[in-house]
Amino acid sequence: MRVCSTLLVLFASTLGVHAQNASQPPESAALHVKYPFFYLGESVSFTLVNNTNDFMQIGVAPYQIKKGTSTVYAPISILIVVPLAPGASKTWTWNQKNGNGQQVSPGPYSVVLTGSFAGGQAFTKTQAF
């Protein structure tokens, strides 16, 4: 059985899924997910690619996993801002467990990723899977 999840304004070229944040052009950042569905318990990986000519600023764990409007998982990390160079990418993995360490139920989810551009303008990317 596969679990669905949603990712922030992502572009999943391998899946043909493309969502755009209204405040940013689609070429500003891309979020890729390996599959549209994952087996229950399978690691869910997603990658943010900086398609701009400037650095992006992201946190060590700048994402939340949501089911509908409820946050299922938000990684706990120290507040460190990490630069993402032009053309560079960063990959995160979610183990399909909630904040209490329990396996989530099958269904649609989303990943919401936040950061900022060099000029300080914040962005949010989301994509369903």
# chains A, B, ... in the order shown; residues from 1 in each chain; ligands from 1
>>> residues_around(residues="range 98-100 of chain A", least_positions_apart="5", cutoff="9 Å", atoms="only C-alpha atoms", output="PyMOL selection string")
chain A and resi 65+71-75
>>> write_last_selection(atoms="all heavy atoms", output="JSON list (two decimals), in the first residue's frame")
[["chain", "number", "residue", "atom", "x", "y", "z"],
["A", 65, "ILE", "N", 5.64, 18.17, 7.30],
["A", 65, "ILE", "CA", 4.81, 17.22, 6.57],
["A", 65, "ILE", "C", 3.40, 17.42, 7.07],
["A", 65, "ILE", "O", 3.16, 17.45, 8.28],
["A", 65, "ILE", "CB", 5.26, 15.76, 6.81],
["A", 65, "ILE", "CG1", 6.73, 15.58, 6.44],
["A", 65, "ILE", "CG2", 4.35, 14.80, 6.05],
["A", 65, "ILE", "CD1", 7.07, 15.79, 4.98],
["A", 71, "THR", "N", -0.38, 19.47, 10.77],
["A", 71, "THR", "CA", 1.03, 19.10, 10.69],
["A", 71, "THR", "C", 1.19, 17.73, 11.33],
["A", 71, "THR", "O", 0.85, 17.51, 12.49],
["A", 71, "THR", "CB", 1.92, 20.12, 11.42],
["A", 71, "THR", "OG1", 1.76, 21.39, 10.77],
["A", 71, "THR", "CG2", 3.38, 19.72, 11.38],
["A", 72, "VAL", "N", 1.73, 16.79, 10.56],
["A", 72, "VAL", "CA", 1.96, 15.42, 11.01],
["A", 72, "VAL", "C", 3.37, 15.29, 11.58],
["A", 72, "VAL", "O", 3.60, 14.59, 12.54],
["A", 72, "VAL", "CB", 1.77, 14.44, 9.83],
["A", 72, "VAL", "CG1", 2.17, 13.03, 10.20],
["A", 72, "VAL", "CG2", 0.35, 14.48, 9.33],
["A", 73, "TYR", "N", 4.32, 15.99, 10.93],
["A", 73, "TYR", "CA", 5.71, 15.90, 11.36],
["A", 73, "TYR", "C", 6.42, 17.21, 11.05],
["A", 73, "TYR", "O", 6.30, 17.75, 9.94],
["A", 73, "TYR", "CB", 6.43, 14.75, 10.63],
["A", 73, "TYR", "CG", 7.88, 14.65, 11.01],
["A", 73, "TYR", "CD1", 8.27, 14.14, 12.24],
["A", 73, "TYR", "CD2", 8.86, 15.07, 10.13],
["A", 73, "TYR", "CE1", 9.61, 14.06, 12.58],
["A", 73, "TYR", "CE2", 10.21, 14.99, 10.47],
["A", 73, "TYR", "CZ", 10.57, 14.48, 11.70],
["A", 73, "TYR", "OH", 11.89, 14.41, 12.04],
["A", 74, "ALA", "N", 7.15, 17.71, 12.00],
["A", 74, "ALA", "CA", 8.01, 18.89, 11.84],
["A", 74, "ALA", "C", 9.31, 18.56, 12.56],
["A", 74, "ALA", "O", 9.31, 18.38, 13.77],
["A", 74, "ALA", "CB", 7.36, 20.13, 12.44],
["A", 75, "PRO", "N", 10.40, 18.41, 11.81],
["A", 75, "PRO", "CA", 11.66, 18.02, 12.45],
["A", 75, "PRO", "C", 12.12, 19.05, 13.48],
["A", 75, "PRO", "O", 11.93, 20.24, 13.30],
["A", 75, "PRO", "CB", 12.65, 17.93, 11.29],
["A", 75, "PRO", "CG", 12.01, 18.60, 10.15],
["A", 75, "PRO", "CD", 10.55, 18.66, 10.39]]
>>> residues_around(residues="Val82 in chain A", least_positions_apart="6", cutoff="10 Å", atoms="only C-alpha atoms", output="list of chain:residue names")
A:Phe55, A:Met56, A:Gln57, A:Ile58, A:Gly59, A:Val60, A:Ala61, A:Gly115
>>> write_last_selection(atoms="C-alpha atoms", output="PDB file, in the first residue's frame")
ATOM      1  CA  PHE A  55      22.188  32.276  -2.805  1.00  0.00           C
ATOM      2  CA  MET A  56      19.078  31.035  -0.996  1.00  0.00           C
ATOM      3  CA  GLN A  57      18.936  30.803   2.793  1.00  0.00           C
ATOM      4  CA  ILE A  58      17.361  27.671   4.260  1.00  0.00           C
ATOM      5  CA  GLY A  59      17.285  26.099   7.688  1.00  0.00           C
ATOM      6  CA  VAL A  60      18.807  22.743   8.568  1.00  0.00           C
ATOM      7  CA  ALA A  61      15.318  21.194   8.561  1.00  0.00           C
ATOM      8  CA  GLY A 115      13.413  29.687   3.084  1.00  0.00           C
TER       9      GLY A 115
END
>>> atom_distance(atom1="CA of Gly119 in chain A", atom2="CA of His32 in chain A")
24.1 Å
>>> closest_residue(among="A:Leu113, A:Val104, A:Ile76, A:Ala128", to="Glu42 in chain A", atoms="only C-alpha atoms")
A:Val104
>>> closest_residue(among="A:Gln127, A:Ser70, A:Ser105, A:Asn50", to="Ser89 in chain A", atoms="only C-alpha atoms")
A:Asn50
